[in-house]
Amino acid sequence: VQIVLTPDGDGAKLAIFSQEPEAVGAGGGWVQHVAGTVRSESSASGWAERFDQAASVARCPIDLAGASLYDTLRAHDIALGPSFRRLETLVLGPGEALGQISPAPNADQAQPYRVLPSLAEAGLQLVSLAASRELARGGPQAIYAPISVEQMRVAPDVSRARLAHARLHSGATEDGFTGDVRLMEADGQIVAELLGVRYRPAPNSALRRAADPSHREPLYTRAWRPSPLVVSDANQ
């Protein structure tokens, strides 16, 4: 994997590449997965506006325990570890979901992440919930995976997020949907946004292959390469 930052005005261009194992050393084969722009904003922390939690709860009449959600996912062959089961309670409405986030596990707090992956995952899970009432009810559900995000804004105090909110854009279909995610402190102060997150269907067969150790690409491979024989003079 290569992460490339190229200076560009008051920010930088971002690109992330990967190379297929069979192409290593072949003088090519790099595939670009991410392109974007990174900038630092002058605001020291958060946004001027605050999230209206009461208004969101009023639009979301369905209550759901986080444990029930993760039990449903496990029944559909999606078993998440403790770091990615941080939604404690949720409320759902048409195209909208709001969840309370549990404190980060101790093991996560020791990691030097600016944004804990589990925080972003909690918000992304809510987008899927907002798009699927069947998942909330424990019924069968096609799994959708996020494939891109238009914009991400993060405040320095993002680790204090205790609420996550997701809202769908109009035009959701079986072929995919787009939504916005916001992370807030308990008082509604917004500390992160993921805007324009696009989802596409992920076949169960692909998910099972990803979870099967026999189908994972090794991090290291053993290879024998011919080298010229060097004969040393034992008398020297």
# chains A, B, ... in the order shown; residues from 1 in each chain; ligands from 1
call {"tool": "residues_around", "arguments": {"residues": "region 157-170 of chain A", "least_positions_apart": "6", "cutoff": "7 Å", "atoms": "only C-alpha atoms", "output": "VMD selection string"}}
result
chain A and resid 45 95 to 102 115 123 126 to 127 130 178 to 186 191 to 192
call {"tool": "residues_around", "arguments": {"residues": "region 53-67 of chain A", "least_positions_apart": "2", "cutoff": "6 Å", "atoms": "only C-alpha atoms", "output": "ChimeraX atom specification"}}
result
/A:51,69-70,87-93
call {"tool": "select_by_dssp", "arguments": {"residues": "region 64-157 of chain A", "states": "helix (DSSP H, G or I)", "output": "JSON list (two decimals) with C-alpha atoms, in the first residue's frame"}}
result
[["chain", "number", "residue", "atom", "x", "y", "z"],
["A", 66, "GLY", "CA", -27.47, -2.15, 19.85],
["A", 67, "ALA", "CA", -27.09, -5.73, 21.08],
["A", 68, "SER", "CA", -30.11, -6.76, 18.97],
["A", 69, "LEU", "CA", -28.54, -5.19, 15.88],
["A", 70, "TYR", "CA", -25.27, -7.07, 16.34],
["A", 71, "ASP", "CA", -27.12, -10.34, 17.05],
["A", 72, "THR", "CA", -28.92, -9.89, 13.73],
["A", 73, "LEU", "CA", -25.66, -9.21, 11.88],
["A", 74, "ARG", "CA", -24.10, -12.30, 13.46],
["A", 75, "ALA", "CA", -27.06, -14.38, 12.29],
["A", 82, "PRO", "CA", -15.89, -5.46, 20.51],
["A", 83, "SER", "CA", -14.32, -2.38, 18.91],
["A", 84, "PHE", "CA", -16.98, -2.37, 16.16],
["A", 106, "ASN", "CA", -9.28, 0.20, 26.50],
["A", 107, "ALA", "CA", -7.38, -1.52, 23.70],
["A", 108, "ASP", "CA", -8.58, 1.14, 21.24],
["A", 109, "GLN", "CA", -7.65, 4.04, 23.50],
["A", 117, "PRO", "CA", -11.99, 3.33, 13.09],
["A", 118, "SER", "CA", -14.73, 2.18, 15.46],
["A", 119, "LEU", "CA", -16.19, 5.72, 15.59],
["A", 120, "ALA", "CA", -16.45, 5.95, 11.82],
["A", 121, "GLU", "CA", -17.83, 2.40, 11.70],
["A", 122, "ALA", "CA", -20.60, 3.27, 14.15],
["A", 123, "GLY", "CA", -21.78, 6.06, 11.88],
["A", 124, "LEU", "CA", -21.52, 3.93, 8.76],
["A", 125, "GLN", "CA", -23.60, 1.20, 10.42],
["A", 126, "LEU", "CA", -26.33, 3.77, 11.01],
["A", 127, "VAL", "CA", -26.52, 4.60, 7.30],
["A", 128, "SER", "CA", -27.22, 0.95, 6.54],
["A", 129, "LEU", "CA", -29.89, 0.91, 9.26],
["A", 130, "ALA", "CA", -31.53, 4.04, 7.89],
["A", 131, "ALA", "CA", -31.73, 2.34, 4.50],
["A", 133, "ARG", "CA", -36.10, -1.42, 8.15],
["A", 134, "GLU", "CA", -35.74, -5.19, 7.63],
["A", 135, "LEU", "CA", -32.31, -5.18, 9.23],
["A", 136, "ALA", "CA", -33.72, -3.38, 12.26]]
call {"tool": "residues_around", "arguments": {"residues": "Ile16 (chain A)", "least_positions_apart": "4", "cutoff": "12 Å", "atoms": "only C-alpha atoms", "output": "list of chain:residue names"}}
result
A:Val1, A:Gln2, A:Ile3, A:Val4, A:Leu5, A:Thr6, A:Trp30, A:Val31, A:Gln32, A:His33, A:Val34, A:Ala35, A:Gly36, A:Thr37
call {"tool": "residues_around", "arguments": {"residues": "region 198-202 of chain A", "least_positions_apart": "6", "cutoff": "6 Å", "atoms": "only C-alpha atoms", "output": "list in words"}}
result
Ile143, Tyr144, Ala145, Pro146, Ile147, Ser148, Gly176, Phe177 and Thr178 of chain A
call {"tool": "write_last_selection", "arguments": {"atoms": "all heavy atoms", "output": "CSV table (one decimal), in the first residue's frame"}}
result
chain,number,residue,atom,x,y,z
A,143,ILE,N,-26.6,-7.1,2.1
A,143,ILE,CA,-25.5,-6.3,2.8
A,143,ILE,C,-25.0,-5.3,1.8
A,143,ILE,O,-24.6,-5.6,0.6
A,143,ILE,CB,-24.4,-7.2,3.3
A,143,ILE,CG1,-25.0,-8.2,4.3
A,143,ILE,CG2,-23.3,-6.4,3.9
A,143,ILE,CD1,-25.7,-7.6,5.5
A,144,TYR,N,-24.8,-4.0,2.2
A,144,TYR,CA,-24.3,-3.0,1.4
A,144,TYR,C,-23.0,-2.5,2.0
A,144,TYR,O,-22.9,-2.4,3.3
A,144,TYR,CB,-25.3,-1.8,1.3
A,144,TYR,CG,-26.5,-2.1,0.4
A,144,TYR,CD1,-27.5,-2.8,1.0
A,144,TYR,CD2,-26.6,-1.7,-0.9
A,144,TYR,CE1,-28.7,-3.1,0.2
A,144,TYR,CE2,-27.7,-2.0,-1.6
A,144,TYR,CZ,-28.7,-2.7,-1.1
A,144,TYR,OH,-29.8,-3.0,-1.9
A,145,ALA,N,-22.0,-2.2,1.2
A,145,ALA,CA,-20.7,-1.7,1.7
A,145,ALA,C,-20.4,-0.3,1.2
A,145,ALA,O,-20.7,0.0,0.0
A,145,ALA,CB,-19.6,-2.6,1.2
A,146,PRO,N,-19.8,0.6,2.0
A,146,PRO,CA,-19.5,1.9,1.6
A,146,PRO,C,-18.3,1.8,0.6
A,146,PRO,O,-17.3,1.1,0.8
A,146,PRO,CB,-19.1,2.6,2.9
A,146,PRO,CG,-18.7,1.6,3.8
A,146,PRO,CD,-19.5,0.4,3.5
A,147,ILE,N,-18.4,2.6,-0.5
A,147,ILE,CA,-17.4,2.5,-1.5
A,147,ILE,C,-16.7,3.9,-1.7
A,147,ILE,O,-15.6,3.9,-2.3
A,147,ILE,CB,-17.9,2.0,-2.9
A,147,ILE,CG1,-19.0,2.9,-3.4
A,147,ILE,CG2,-18.4,0.6,-2.7
A,147,ILE,CD1,-19.3,2.7,-4.9
A,148,SER,N,-17.3,5.0,-1.3
A,148,SER,CA,-16.7,6.3,-1.5
A,148,SER,C,-17.3,7.3,-0.5
A,148,SER,O,-18.4,7.1,0.0
A,148,SER,CB,-16.8,6.8,-2.9
A,148,SER,OG,-18.2,7.1,-3.2
A,176,GLY,N,-28.2,0.7,-4.6
A,176,GLY,CA,-27.3,1.5,-3.7
A,176,GLY,C,-28.0,2.7,-3.2
A,176,GLY,O,-29.1,3.0,-3.6
A,177,PHE,N,-27.3,3.4,-2.3
A,177,PHE,CA,-27.8,4.6,-1.7
A,177,PHE,C,-26.7,5.5,-1.2
A,177,PHE,O,-25.5,5.0,-1.2
A,177,PHE,CB,-28.8,4.3,-0.6
A,177,PHE,CG,-28.3,3.3,0.4
A,177,PHE,CD1,-27.5,3.6,1.5
A,177,PHE,CD2,-28.5,1.9,0.2
A,177,PHE,CE1,-27.0,2.7,2.3
A,177,PHE,CE2,-28.0,1.0,1.1
A,177,PHE,CZ,-27.3,1.4,2.2
A,178,THR,N,-27.0,6.7,-0.9
A,178,THR,CA,-26.0,7.7,-0.4
A,178,THR,C,-26.5,8.3,0.9
A,178,THR,O,-27.7,8.6,1.0
A,178,THR,CB,-25.7,8.8,-1.4
A,178,THR,OG1,-25.2,8.1,-2.6
A,178,THR,CG2,-24.7,9.7,-0.9
call {"tool": "select_by_dssp", "arguments": {"residues": "region 10-101 of chain A", "states": "strand (DSSP E)", "output": "number ranges by chain"}}
result
A: 11-19, 30-39, 62-65, 87-93, 96-101
call {"tool": "write_last_selection", "arguments": {"atoms": "N, CA, C and O atoms", "output": "short mmCIF file (atom, residue, chain, number, x, y, z; two decimals), in the first residue's frame"}}
result
data_model
loop_
_atom_site.label_atom_id
_atom_site.label_comp_id
_atom_site.auth_asym_id
_atom_site.auth_seq_id
_atom_site.Cartn_x
_atom_site.Cartn_y
_atom_site.Cartn_z
N GLY A 11 -3.25 23.10 1.06
CA GLY A 11 -3.49 21.73 1.49
C GLY A 11 -2.62 20.76 0.74
O GLY A 11 -1.47 21.05 0.41
N ALA A 12 -3.17 19.60 0.45
CA ALA A 12 -2.41 18.58 -0.27
C ALA A 12 -3.37 17.66 -0.99
O ALA A 12 -4.51 17.45 -0.55
N LYS A 13 -2.92 17.13 -2.13
CA LYS A 13 -3.65 16.10 -2.84
C LYS A 13 -3.33 14.74 -2.20
O LYS A 13 -2.18 14.45 -1.90
N LEU A 14 -4.36 13.94 -2.00
CA LEU A 14 -4.20 12.63 -1.38
C LEU A 14 -4.48 11.54 -2.39
O LEU A 14 -5.45 11.63 -3.15
N ALA A 15 -3.65 10.51 -2.40
CA ALA A 15 -3.88 9.34 -3.24
C ALA A 15 -3.43 8.11 -2.48
O ALA A 15 -2.39 8.13 -1.81
N ILE A 16 -4.22 7.04 -2.57
CA ILE A 16 -3.88 5.77 -1.93
C ILE A 16 -3.89 4.68 -3.01
O ILE A 16 -4.86 4.55 -3.76
N PHE A 17 -2.79 3.93 -3.07
CA PHE A 17 -2.61 2.89 -4.08
C PHE A 17 -2.35 1.55 -3.39
O PHE A 17 -1.85 1.49 -2.27
N SER A 18 -2.67 0.48 -4.11
CA SER A 18 -2.25 -0.85 -3.67
C SER A 18 -1.71 -1.59 -4.89
O SER A 18 -1.98 -1.22 -6.04
N GLN A 19 -0.93 -2.65 -4.62
CA GLN A 19 -0.35 -3.44 -5.69
C GLN A 19 -0.67 -4.91 -5.46
O GLN A 19 -0.55 -5.41 -4.34
N TRP A 30 0.26 -0.94 -9.93
CA TRP A 30 -0.34 -0.16 -8.85
C TRP A 30 -1.74 0.29 -9.25
O TRP A 30 -1.96 0.80 -10.35
N VAL A 31 -2.69 0.11 -8.33
CA VAL A 31 -4.08 0.47 -8.57
C VAL A 31 -4.46 1.57 -7.57
O VAL A 31 -4.26 1.42 -6.36
N GLN A 32 -5.01 2.68 -8.08
CA GLN A 32 -5.42 3.76 -7.20
C GLN A 32 -6.83 3.53 -6.70
O GLN A 32 -7.75 3.27 -7.46
N HIS A 33 -7.01 3.62 -5.38
CA HIS A 33 -8.31 3.40 -4.75
C HIS A 33 -8.94 4.68 -4.21
O HIS A 33 -10.16 4.76 -4.08
N VAL A 34 -8.10 5.65 -3.85
CA VAL A 34 -8.61 6.87 -3.21
C VAL A 34 -7.93 8.08 -3.85
O VAL A 34 -6.73 8.06 -4.10
N ALA A 35 -8.74 9.10 -4.10
CA ALA A 35 -8.22 10.40 -4.54
C ALA A 35 -8.97 11.47 -3.77
O ALA A 35 -10.20 11.39 -3.62
N GLY A 36 -8.25 12.45 -3.25
CA GLY A 36 -8.93 13.48 -2.49
C GLY A 36 -8.02 14.66 -2.21
O GLY A 36 -6.88 14.72 -2.68
N THR A 37 -8.55 15.60 -1.44
CA THR A 37 -7.81 16.80 -1.05
C THR A 37 -7.88 16.93 0.47
O THR A 37 -8.95 16.76 1.07
N VAL A 38 -6.76 17.22 1.10
CA VAL A 38 -6.68 17.37 2.55
C VAL A 38 -6.36 18.83 2.85
O VAL A 38 -5.42 19.41 2.29
N ARG A 39 -7.14 19.43 3.75
CA ARG A 39 -6.89 20.82 4.17
C ARG A 39 -7.12 20.96 5.66
O ARG A 39 -7.94 20.25 6.24
N ILE A 62 -38.94 4.28 16.07
CA ILE A 62 -38.55 2.89 16.32
C ILE A 62 -37.33 2.84 17.23
O ILE A 62 -36.30 3.44 16.93
N ASP A 63 -37.46 2.13 18.37
CA ASP A 63 -36.34 1.96 19.30
C ASP A 63 -35.69 0.60 19.04
O ASP A 63 -36.36 -0.40 18.76
N LEU A 64 -34.37 0.56 19.16
CA LEU A 64 -33.63 -0.69 18.94
C LEU A 64 -32.41 -0.70 19.84
O LEU A 64 -31.70 0.30 19.94
N ALA A 65 -32.17 -1.84 20.48
CA ALA A 65 -30.96 -2.00 21.28
C ALA A 65 -29.80 -2.37 20.37
O ALA A 65 -29.95 -3.16 19.43
N LEU A 87 -22.48 0.81 19.13
CA LEU A 87 -23.81 1.41 19.21
C LEU A 87 -24.57 0.76 20.35
O LEU A 87 -24.82 -0.45 20.34
N GLU A 88 -24.96 1.55 21.35
CA GLU A 88 -25.64 1.01 22.52
C GLU A 88 -27.15 1.01 22.35
O GLU A 88 -27.82 -0.01 22.55
N THR A 89 -27.72 2.14 22.00
CA THR A 89 -29.16 2.27 21.75
C THR A 89 -29.35 3.07 20.48
O THR A 89 -28.52 3.92 20.13
N LEU A 90 -30.47 2.79 19.77
CA LEU A 90 -30.72 3.45 18.50
C LEU A 90 -32.19 3.81 18.39
O LEU A 90 -33.05 3.15 18.98
N VAL A 91 -32.45 4.85 17.61
CA VAL A 91 -33.82 5.17 17.20
C VAL A 91 -33.80 5.32 15.68
O VAL A 91 -32.85 5.85 15.11
N LEU A 92 -34.87 4.83 15.04
CA LEU A 92 -34.94 4.81 13.59
C LEU A 92 -36.20 5.50 13.09
O LEU A 92 -37.27 5.39 13.71
N GLY A 93 -36.08 6.19 11.98
CA GLY A 93 -37.21 6.79 11.30
C GLY A 93 -37.03 6.68 9.81
O GLY A 93 -36.05 6.08 9.34
N GLU A 96 -33.56 7.81 8.33
CA GLU A 96 -32.78 8.48 9.38
C GLU A 96 -32.54 7.52 10.53
O GLU A 96 -33.35 6.65 10.83
N ALA A 97 -31.40 7.67 11.20
CA ALA A 97 -31.09 6.85 12.38
C ALA A 97 -30.18 7.64 13.31
O ALA A 97 -29.32 8.40 12.86
N LEU A 98 -30.38 7.45 14.60
CA LEU A 98 -29.58 8.12 15.63
C LEU A 98 -29.17 7.09 16.65
O LEU A 98 -29.99 6.28 17.09
N GLY A 99 -27.88 7.07 17.01
CA GLY A 99 -27.40 6.07 17.95
C GLY A 99 -26.51 6.67 19.02
O GLY A 99 -25.82 7.67 18.79
N GLN A 100 -26.55 6.04 20.19
CA GLN A 100 -25.66 6.42 21.28
C GLN A 100 -24.43 5.54 21.21
O GLN A 100 -24.52 4.31 21.09
N ILE A 101 -23.24 6.15 21.31
CA ILE A 101 -21.97 5.44 21.16
C ILE A 101 -21.38 5.17 22.54
O ILE A 101 -21.30 6.06 23.38
#
call {"tool": "atom_distance", "arguments": {"atom1": "CA of Ile78 (chain A)", "atom2": "CA of Ser132 (chain A)"}}
result
16.0 Å
